[in-house]
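Asker: Contents of structure39.pdb (PDB, C-alpha atoms) are below:
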```
ATOM      1  CA  MET A 139       0.000   0.000   0.000
ATOM      2  CA  SER A 140       2.255   2.782  -1.233
ATOM      3  CA  ILE A 141       1.385   6.410  -0.683
ATOM      4  CA  LEU A 142       0.184   6.738  -4.268
ATOM      5  CA  GLN A 143      -2.378   3.990  -3.737
ATOM      6  CA  ILE A 144      -3.660   5.550  -0.520
ATOM      7  CA  LEU A 145      -3.980   8.885  -2.303
ATOM      8  CA  ALA A 146      -5.790   7.102  -5.153
ATOM      9  CA  ILE A 147      -8.254   5.520  -2.731
ATOM     10  CA  PHE A 148      -8.927   8.886  -1.093
ATOM     11  CA  LEU A 149      -9.462  10.599  -4.474
ATOM     12  CA  ILE A 150     -11.811   7.864  -5.680
ATOM     13  CA  PHE A 151     -13.851   8.180  -2.492
ATOM     14  CA  ALA A 152     -14.036  11.963  -2.933
ATOM     15  CA  GLY A 153     -15.049  11.507  -6.579
ATOM     16  CA  ALA A 154     -17.748   9.008  -5.622
ATOM     17  CA  PHE A 155     -19.030  11.463  -3.028
ATOM     18  CA  PHE A 156     -19.368  14.261  -5.585
ATOM     19  CA  ILE A 157     -20.975  11.929  -8.131
ATOM     20  CA  SER A 158     -23.620  10.913  -5.594
ATOM     21  CA  VAL A 159     -24.147  14.582  -4.616
ATOM     22  CA  GLY A 160     -24.647  15.394  -8.307
ATOM     23  CA  SER A 161     -27.213  12.649  -8.774
ATOM     24  CA  ILE A 162     -29.094  13.631  -5.600
ATOM     25  CA  GLY A 163     -29.079  17.223  -6.859
ATOM     26  CA  LEU A 164     -30.592  15.978 -10.097
ATOM     27  CA  ILE A 165     -33.588  14.719  -8.117
ATOM     28  CA  ARG A 166     -34.011  17.315  -5.397
ATOM     29  CA  LEU A 167     -33.521  20.565  -7.361
ATOM     30  CA  PRO A 168     -36.919  21.998  -8.398
ATOM     31  CA  ASP A 169     -36.282  23.597 -11.757
ATOM     32  CA  PHE A 170     -34.621  22.485 -14.991
ATOM     33  CA  TYR A 171     -32.013  25.226 -14.879
ATOM     34  CA  SER A 172     -31.036  24.502 -11.293
ATOM     35  CA  ARG A 173     -30.672  20.823 -12.243
ATOM     36  CA  CYS A 174     -28.132  21.864 -14.863
ATOM     37  CA  HIS A 175     -25.878  22.819 -11.925
ATOM     38  CA  ALA A 176     -25.969  19.248 -10.688
ATOM     39  CA  THR A 177     -24.924  17.572 -13.919
ATOM     40  CA  GLY A 178     -22.682  20.328 -15.232
ATOM     41  CA  LYS A 179     -20.602  20.886 -12.136
ATOM     42  CA  ALA A 180     -20.977  18.201  -9.485
ATOM     43  CA  ASP A 181     -20.820  15.240 -11.859
ATOM     44  CA  THR A 182     -17.860  16.656 -13.749
ATOM     45  CA  LEU A 183     -15.942  17.328 -10.548
ATOM     46  CA  GLY A 184     -16.674  13.811  -9.316
ATOM     47  CA  LEU A 185     -15.496  12.391 -12.609
ATOM     48  CA  LEU A 186     -12.297  14.463 -12.610
ATOM     49  CA  LEU A 187     -11.478  13.347  -9.051
ATOM     50  CA  VAL A 188     -12.050   9.683  -9.843
ATOM     51  CA  ILE A 189      -9.943   9.795 -12.993
ATOM     52  CA  SER A 190      -7.119  11.621 -11.195
ATOM     53  CA  GLY A 191      -7.376   8.920  -8.514
ATOM     54  CA  PHE A 192      -6.821   6.304 -11.238
ATOM     55  CA  ILE A 193      -3.871   8.307 -12.582
ATOM     56  CA  PHE A 194      -2.198   8.183  -9.178
ATOM     57  CA  TYR A 195      -3.024   4.501  -8.834
ATOM     58  CA  GLU A 196      -1.340   3.810 -12.194
ATOM     59  CA  GLY A 197       1.810   5.707 -11.221
ATOM     60  CA  ILE A 198       2.187   9.164 -12.651
ATOM     61  CA  ILE A 199       4.561   8.242 -15.504
ATOM     62  CA  SER A 200       3.032   5.420 -17.564
ATOM     63  CA  LEU A 201       1.113   4.944 -20.793
ATOM     64  CA  HIS A 202      -2.172   4.337 -18.995
ATOM     65  CA  SER A 203      -1.945   7.506 -16.948
ATOM     66  CA  ALA A 204      -1.196   9.457 -20.148
ATOM     67  CA  LYS A 205      -4.434   8.150 -21.709
ATOM     68  CA  LEU A 206      -6.281   8.827 -18.480
ATOM     69  CA  LEU A 207      -4.973  12.394 -18.573
ATOM     70  CA  ILE A 208      -6.417  12.756 -22.074
ATOM     71  CA  ILE A 209      -9.786  11.531 -20.795
ATOM     72  CA  LEU A 210      -9.546  13.894 -17.839
ATOM     73  CA  ILE A 211      -8.900  16.952 -20.035
ATOM     74  CA  PHE A 212     -11.558  15.904 -22.576
ATOM     75  CA  VAL A 213     -14.265  15.421 -19.965
ATOM     76  CA  GLY A 214     -13.273  18.578 -18.127
ATOM     77  CA  LEU A 215     -13.926  20.541 -21.305
ATOM     78  CA  THR A 216     -16.913  18.783 -22.802
ATOM     79  CA  SER A 217     -19.175  17.879 -19.907
ATOM     80  CA  PRO A 218     -19.972  21.468 -18.866
ATOM     81  CA  THR A 219     -20.215  22.447 -22.539
ATOM     82  CA  ALA A 220     -22.815  19.765 -23.143
ATOM     83  CA  THR A 221     -24.872  20.935 -20.169
ATOM     84  CA  HIS A 222     -24.602  24.517 -21.417
ATOM     85  CA  ALA A 223     -25.820  23.446 -24.862
ATOM     86  CA  LEU A 224     -28.806  21.743 -23.238
ATOM     87  CA  ALA A 225     -29.622  24.839 -21.192
ATOM     88  CA  ARG A 226     -29.423  27.087 -24.256
ATOM     89  CA  ALA A 227     -31.615  24.741 -26.251
ATOM     90  CA  ALA A 228     -34.124  24.557 -23.397
ATOM     91  CA  PHE A 229     -34.266  28.354 -23.135
ATOM     92  CA  SER A 230     -34.863  28.823 -26.856
ATOM     93  CA  PHE A 231     -37.370  25.958 -26.679
ATOM     94  CA  GLY A 232     -39.388  28.114 -24.288
ATOM     95  CA  ILE A 233     -38.741  26.595 -20.863
ATOM     96  CA  LYS A 234     -38.992  29.573 -18.517
ATOM     97  CA  PRO A 235     -36.763  29.739 -15.413
ATOM     98  CA  ARG A 236     -39.073  29.281 -12.449
ATOM     99  CA  PHE A 237     -37.529  31.760 -10.015
ATOM    100  CA  VAL A 238     -37.701  35.220 -11.603
ATOM    101  CA  ASP A 239     -36.629  37.865  -9.048
ATOM    102  CA  ARG A 240     -39.488  40.069  -7.928
ATOM    103  CA  GLU A 241     -37.917  43.310  -9.199
ATOM    104  CA  THR A 242     -37.947  42.390 -12.922
ATOM    105  CA  LYS A 243     -41.181  40.451 -12.551
ATOM    106  CA  SER A 244     -43.211  43.434 -11.264
ATOM    107  CA  LYS A 245     -41.836  45.681 -14.053
ATOM    108  CA  LYS A 246     -43.030  43.206 -16.674
ATOM    109  CA  GLU A 247     -46.475  42.859 -15.136
ATOM    110  CA  LYS A 248     -46.900  46.638 -14.991
ATOM    111  CA  LYS A 249     -46.216  46.870 -18.698
ATOM    112  CA  GLY A 250     -48.391  43.771 -19.234
ATOM    113  CA  ARG A 251     -45.822  42.330 -21.714
ATOM    114  CA  THR A 252     -45.071  38.566 -21.302
ATOM    115  CA  LYS A 253     -41.657  37.716 -22.673
TER     116      LYS A 253
ATOM    117  CA  MET B  63      -7.302  -2.958  -3.857
ATOM    118  CA  HIS B  64      -9.233  -5.366  -6.015
ATOM    119  CA  SER B  65     -12.214  -5.601  -3.692
ATOM    120  CA  PHE B  66     -12.184  -1.808  -3.290
ATOM    121  CA  PHE B  67     -12.777  -1.369  -7.036
ATOM    122  CA  THR B  68     -15.528  -3.992  -6.973
ATOM    123  CA  LEU B  69     -17.180  -2.209  -4.055
ATOM    124  CA  MET B  70     -17.032   1.123  -5.882
ATOM    125  CA  ALA B  71     -18.463  -0.467  -9.048
ATOM    126  CA  VAL B  72     -21.437  -1.844  -7.076
ATOM    127  CA  TYR B  73     -21.957   1.542  -5.404
ATOM    128  CA  LEU B  74     -21.931   3.321  -8.771
ATOM    129  CA  THR B  75     -24.420   0.841 -10.224
ATOM    130  CA  ILE B  76     -26.794   1.740  -7.400
ATOM    131  CA  ILE B  77     -26.176   5.461  -7.959
ATOM    132  CA  ILE B  78     -27.022   5.120 -11.673
ATOM    133  CA  PHE B  79     -30.666   4.395 -10.770
ATOM    134  CA  VAL B  80     -31.054   7.921  -9.361
ATOM    135  CA  PRO B  81     -30.731   9.735 -12.733
ATOM    136  CA  LEU B  82     -32.742   6.877 -14.226
ATOM    137  CA  TYR B  83     -35.612   8.023 -12.000
ATOM    138  CA  ARG B  84     -35.173  11.514 -13.456
ATOM    139  CA  VAL B  85     -35.221  10.088 -16.986
ATOM    140  CA  LEU B  86     -38.442   8.148 -16.346
ATOM    141  CA  THR B  87     -40.377  10.865 -14.539
ATOM    142  CA  GLY B  88     -38.754  14.020 -15.926
ATOM    143  CA  PRO B  89     -41.618  16.454 -16.737
ATOM    144  CA  ARG B  90     -40.132  17.513 -20.062
ATOM    145  CA  LEU B  91     -37.774  16.259 -22.748
ATOM    146  CA  MET B  92     -34.905  18.406 -21.562
ATOM    147  CA  ASP B  93     -34.990  16.992 -18.008
ATOM    148  CA  ARG B  94     -34.799  13.516 -19.517
ATOM    149  CA  MET B  95     -31.782  14.615 -21.553
ATOM    150  CA  LEU B  96     -30.069  15.842 -18.379
ATOM    151  CA  GLY B  97     -30.695  12.481 -16.749
ATOM    152  CA  ALA B  98     -29.324  10.675 -19.802
ATOM    153  CA  GLY B  99     -26.227  12.880 -19.777
ATOM    154  CA  ALA B 100     -25.699  12.184 -16.089
ATOM    155  CA  ILE B 101     -26.009   8.428 -16.669
ATOM    156  CA  GLY B 102     -23.439   8.764 -19.451
ATOM    157  CA  THR B 103     -20.809  10.301 -17.220
ATOM    158  CA  LYS B 104     -21.442   7.749 -14.473
ATOM    159  CA  THR B 105     -21.127   4.898 -16.941
ATOM    160  CA  MET B 106     -17.685   6.159 -17.928
ATOM    161  CA  VAL B 107     -16.477   5.764 -14.352
ATOM    162  CA  LEU B 108     -18.162   2.376 -14.191
ATOM    163  CA  ILE B 109     -16.343   1.184 -17.326
ATOM    164  CA  LEU B 110     -12.998   2.230 -15.845
ATOM    165  CA  LEU B 111     -13.785   0.393 -12.611
ATOM    166  CA  ILE B 112     -14.793  -2.733 -14.508
ATOM    167  CA  GLY B 113     -11.555  -2.452 -16.461
ATOM    168  CA  TYR B 114      -9.655  -2.537 -13.185
ATOM    169  CA  MET B 115     -11.715  -5.477 -11.968
ATOM    170  CA  PHE B 116     -10.838  -7.527 -15.093
ATOM    171  CA  ASP B 117      -7.178  -6.385 -14.988
ATOM    172  CA  ARG B 118      -7.291  -5.563 -18.699
ATOM    173  CA  ILE B 119      -7.015  -1.827 -18.211
ATOM    174  CA  ASP B 120      -5.535  -0.665 -21.548
ATOM    175  CA  MET B 121      -8.569  -1.969 -23.442
ATOM    176  CA  PHE B 122     -11.072  -0.352 -21.098
ATOM    177  CA  ILE B 123      -9.354   3.027 -21.097
ATOM    178  CA  ASP B 124      -9.898   3.246 -24.859
ATOM    179  CA  ILE B 125     -13.531   2.210 -24.411
ATOM    180  CA  THR B 126     -13.968   4.994 -21.830
ATOM    181  CA  LEU B 127     -12.446   7.564 -24.180
ATOM    182  CA  ALA B 128     -14.752   6.462 -27.004
ATOM    183  CA  TYR B 129     -17.700   6.595 -24.632
ATOM    184  CA  ALA B 130     -16.801  10.122 -23.501
ATOM    185  CA  VAL B 131     -16.777  11.312 -27.118
ATOM    186  CA  LEU B 132     -20.050   9.530 -27.909
ATOM    187  CA  ASN B 133     -21.806  10.913 -24.834
ATOM    188  CA  PHE B 134     -20.752  14.452 -25.702
ATOM    189  CA  ILE B 135     -21.787  14.191 -29.362
ATOM    190  CA  GLY B 136     -25.148  12.666 -28.402
ATOM    191  CA  VAL B 137     -26.026  15.488 -26.032
ATOM    192  CA  ILE B 138     -24.915  18.154 -28.523
ATOM    193  CA  ALA B 139     -26.973  16.511 -31.294
ATOM    194  CA  ILE B 140     -30.133  16.566 -29.178
ATOM    195  CA  ALA B 141     -29.479  20.190 -28.184
ATOM    196  CA  LYS B 142     -29.108  21.275 -31.818
ATOM    197  CA  TYR B 143     -32.233  19.307 -32.778
ATOM    198  CA  VAL B 144     -34.292  21.010 -30.066
ATOM    199  CA  GLU B 145     -32.992  24.430 -31.101
ATOM    200  CA  ARG B 146     -34.051  23.774 -34.719
ATOM    201  CA  ILE B 147     -37.562  22.847 -33.536
ATOM    202  CA  ALA B 148     -37.697  26.015 -31.387
ATOM    203  CA  ARG B 149     -36.673  28.174 -34.353
ATOM    204  CA  LYS B 150     -39.297  26.468 -36.571
ATOM    205  CA  LYS B 151     -41.975  27.068 -33.934
ATOM    206  CA  LYS B 152     -41.348  30.857 -33.838
TER     207      LYS B 152
END
```
Show me, as structure tokens, the structure contained in the file I just sent.
Answerer:
Amino acid sequence: MSILQILAIFLIFAGAFFISVGSIGLIRLPDFYSRCHATGKADTLGLLLVISGFIFYEGIISLHSAKLLIILIFVGLTSPTATHALARAAFSFGIKPRFVDRETKSKKEKKGRTK
Amino acid sequence: MHSFFTLMAVYLTIIIFVPLYRVLTGPRLMDRMLGAGAIGTKTMVLILLIGYMFDRIDMFIDITLAYAVLNFIGVIAIAKYVERIARKKK
């Protein structure tokens, strides 16, 4: 049980924690746009932690950890982008955010214009 | 170490059912897409863990990379499709 393996175990546990937090957030959060937080951020962080845990488990200088690093960078870039694309599509599709702050809401009602 | 990876794989399989609930009951299409995207990322970790359980890691790392690309392209395709429908509706 070298230090790298202990660090790997700790990172994988942390990653699993954030993955479960992300999936619980997917259920508990009330609105579509707040659910985007759960998948865009919490899941990606959990994934990055788990993959970095595997990199340490493999030993930092080896072919496998190089491929894992590629996966890590790829997921770090694309997972939030995918969630952003979904949110943009949902907004143009007409899904209204549920919590509009009172200040802009009252102005709209006075003018009687529904965006 | 081996049993630790097996334990984590079992735990992740249980966690995958949570977004599945969101996919089944999601009020609208886009919530279902979020659930599907979340399942995709969890499956990637699951594939890596299974790779470590079978001790044939170099094969499974390539599968995970391919799966990451596929998951991303799938979500982007659905997003573009929904945007085209929204533009047609206006």
Asker: Distance cut-off 7 Å, counting only C-alpha atoms - which residues of chain A neighbour chain B? Return them as an MDAnalysis selection string.
Answerer: chainID A and resid 158 161 164:165 170 177 185 202 209 213 216:217 220 223:224 227:228 230:231
Asker: Considering only C-alpha atoms, return as a list in words whatever protein or nucleic-acid residues lie within 8 Å of Ala225 of chain A, sequence-local ones (same chain, fewer than 3 positions apart) excluded.
Answerer: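 Returned residues: Tyr171, Cys174, Thr221, His222, Ala228 and Phe229 of chain A.
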Asker: Measure the distance from atom CA of Ala176 of chain A to atom CA of Tyr195 of chain A in Å and round it to one decimal.
Answerer: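 Separation between atom CA of Ala176 of chain A and atom CA of Tyr195 of chain A: 27.3 Å.
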Asker: Take atom CA of Ile147 of chain A and atom CA of Leu186 of chain A and report the distance between them in Å, one decimal.
Answerer: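 Taking atom CA of Ile147 of chain A as the start and atom CA of Leu186 of chain A as the end point, the length is 13.9 Å.
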Asker: What's the separation between atom CA of Phe148 of chain A and atom CA of His175 of chain A, in Å to one decimal place?
Answerer: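 Computing it gives 24.5 Å between the two atoms.
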Asker: List as a list in words the protein and nucleic acid residues near segment 196-201 of chain A, meaning an atom at most 9 Å away when only C-alpha atoms are counted, but skip any in the same chain fewer than 2 places from it.
Answerer: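 Final neighbour list, sorted by chain and number: Leu142, Gln143, Ala146, Gly191, Phe192, Ile193, Phe194, Ser203, Ala204, Lys205 and Leu206 of chain A; Asp120 of chain B.
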Asker: Got time to write the residues from that selection, C-alpha atoms, as an mmCIF file, in the coordinates of the input?
Answerer:
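Okay, this is what ended up in result17.cif:
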```cif
data_model
loop_
_atom_site.group_PDB
_atom_site.id
_atom_site.type_symbol
_atom_site.label_atom_id
_atom_site.label_comp_id
_atom_site.auth_asym_id
_atom_site.auth_seq_id
_atom_site.Cartn_x
_atom_site.Cartn_y
_atom_site.Cartn_z
ATOM 1 C CA LEU A 142 0.184 6.738 -4.268
ATOM 2 C CA GLN A 143 -2.378 3.990 -3.737
ATOM 3 C CA ALA A 146 -5.790 7.102 -5.153
ATOM 4 C CA GLY A 191 -7.376 8.920 -8.514
ATOM 5 C CA PHE A 192 -6.821 6.304 -11.238
ATOM 6 C CA ILE A 193 -3.871 8.307 -12.582
ATOM 7 C CA PHE A 194 -2.198 8.183 -9.178
ATOM 8 C CA SER A 203 -1.945 7.506 -16.948
ATOM 9 C CA ALA A 204 -1.196 9.457 -20.148
ATOM 10 C CA LYS A 205 -4.434 8.150 -21.709
ATOM 11 C CA LEU A 206 -6.281 8.827 -18.480
ATOM 12 C CA ASP B 120 -5.535 -0.665 -21.548
#
```
Asker: Is it possible to add N, CA, C and O atoms to segment 169-192 of chain A and hand it back as a compact mmCIF listing (two decimals), keeping the file's coordinate frame?
Answerer:
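Generated file (out.txt):
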```txt
# COMPACT_ATOMS: atom_id res chain seq x y z
N ASP A 169 -36.06 23.01 -10.43
CA ASP A 169 -36.28 23.60 -11.76
C ASP A 169 -35.24 23.05 -12.72
O ASP A 169 -34.17 22.62 -12.32
N PHE A 170 -35.56 23.07 -14.03
CA PHE A 170 -34.62 22.48 -14.99
C PHE A 170 -33.27 23.16 -14.90
O PHE A 170 -32.22 22.52 -14.89
N TYR A 171 -33.28 24.50 -14.81
CA TYR A 171 -32.01 25.23 -14.88
C TYR A 171 -31.19 24.99 -13.62
O TYR A 171 -29.96 24.97 -13.67
N SER A 172 -31.86 24.79 -12.47
CA SER A 172 -31.04 24.50 -11.29
C SER A 172 -30.50 23.08 -11.38
O SER A 172 -29.42 22.78 -10.88
N ARG A 173 -31.22 22.18 -12.09
CA ARG A 173 -30.67 20.82 -12.24
C ARG A 173 -29.44 20.83 -13.12
O ARG A 173 -28.56 19.97 -12.98
N CYS A 174 -29.34 21.81 -14.03
CA CYS A 174 -28.13 21.86 -14.86
C CYS A 174 -26.89 22.02 -14.00
O CYS A 174 -25.81 21.52 -14.34
N HIS A 175 -27.04 22.73 -12.82
CA HIS A 175 -25.88 22.82 -11.92
C HIS A 175 -25.40 21.44 -11.54
O HIS A 175 -24.20 21.16 -11.54
N ALA A 176 -26.37 20.55 -11.23
CA ALA A 176 -25.97 19.25 -10.69
C ALA A 176 -25.15 18.48 -11.70
O ALA A 176 -24.06 18.00 -11.42
N THR A 177 -25.66 18.40 -12.96
CA THR A 177 -24.92 17.57 -13.92
C THR A 177 -23.70 18.31 -14.43
O THR A 177 -22.63 17.73 -14.61
N GLY A 178 -23.80 19.61 -14.64
CA GLY A 178 -22.68 20.33 -15.23
C GLY A 178 -21.50 20.39 -14.31
O GLY A 178 -20.36 20.15 -14.71
N LYS A 179 -21.75 20.65 -13.02
CA LYS A 179 -20.60 20.89 -12.14
C LYS A 179 -20.29 19.70 -11.25
O LYS A 179 -19.18 19.17 -11.26
N ALA A 180 -21.30 19.21 -10.49
CA ALA A 180 -20.98 18.20 -9.48
C ALA A 180 -20.52 16.91 -10.14
O ALA A 180 -19.51 16.31 -9.75
N ASP A 181 -21.21 16.49 -11.19
CA ASP A 181 -20.82 15.24 -11.86
C ASP A 181 -19.44 15.36 -12.46
O ASP A 181 -18.61 14.46 -12.34
N THR A 182 -19.17 16.51 -13.10
CA THR A 182 -17.86 16.66 -13.75
C THR A 182 -16.76 16.64 -12.71
O THR A 182 -15.74 15.97 -12.89
N LEU A 183 -16.98 17.32 -11.58
CA LEU A 183 -15.94 17.33 -10.55
C LEU A 183 -15.72 15.92 -10.02
O LEU A 183 -14.58 15.46 -9.87
N GLY A 184 -16.83 15.18 -9.80
CA GLY A 184 -16.67 13.81 -9.32
C GLY A 184 -15.88 12.98 -10.29
O GLY A 184 -14.98 12.22 -9.93
N LEU A 185 -16.19 13.17 -11.58
CA LEU A 185 -15.50 12.39 -12.61
C LEU A 185 -14.02 12.74 -12.63
O LEU A 185 -13.15 11.87 -12.68
N LEU A 186 -13.71 14.06 -12.55
CA LEU A 186 -12.30 14.46 -12.61
C LEU A 186 -11.54 13.88 -11.43
O LEU A 186 -10.41 13.39 -11.57
N LEU A 187 -12.17 13.88 -10.23
CA LEU A 187 -11.48 13.35 -9.05
C LEU A 187 -11.22 11.86 -9.22
O LEU A 187 -10.12 11.37 -8.94
N VAL A 188 -12.23 11.13 -9.72
CA VAL A 188 -12.05 9.68 -9.84
C VAL A 188 -10.94 9.38 -10.84
O VAL A 188 -10.05 8.56 -10.58
N ILE A 189 -10.95 10.10 -11.97
CA ILE A 189 -9.94 9.80 -12.99
C ILE A 189 -8.56 10.18 -12.49
O ILE A 189 -7.56 9.47 -12.72
N SER A 190 -8.45 11.29 -11.73
CA SER A 190 -7.12 11.62 -11.20
C SER A 190 -6.71 10.58 -10.15
O SER A 190 -5.54 10.24 -10.03
N GLY A 191 -7.71 10.01 -9.43
CA GLY A 191 -7.38 8.92 -8.51
C GLY A 191 -6.78 7.74 -9.27
O GLY A 191 -5.78 7.15 -8.86
N PHE A 192 -7.36 7.42 -10.46
CA PHE A 192 -6.82 6.30 -11.24
C PHE A 192 -5.42 6.63 -11.74
O PHE A 192 -4.55 5.78 -11.80
```
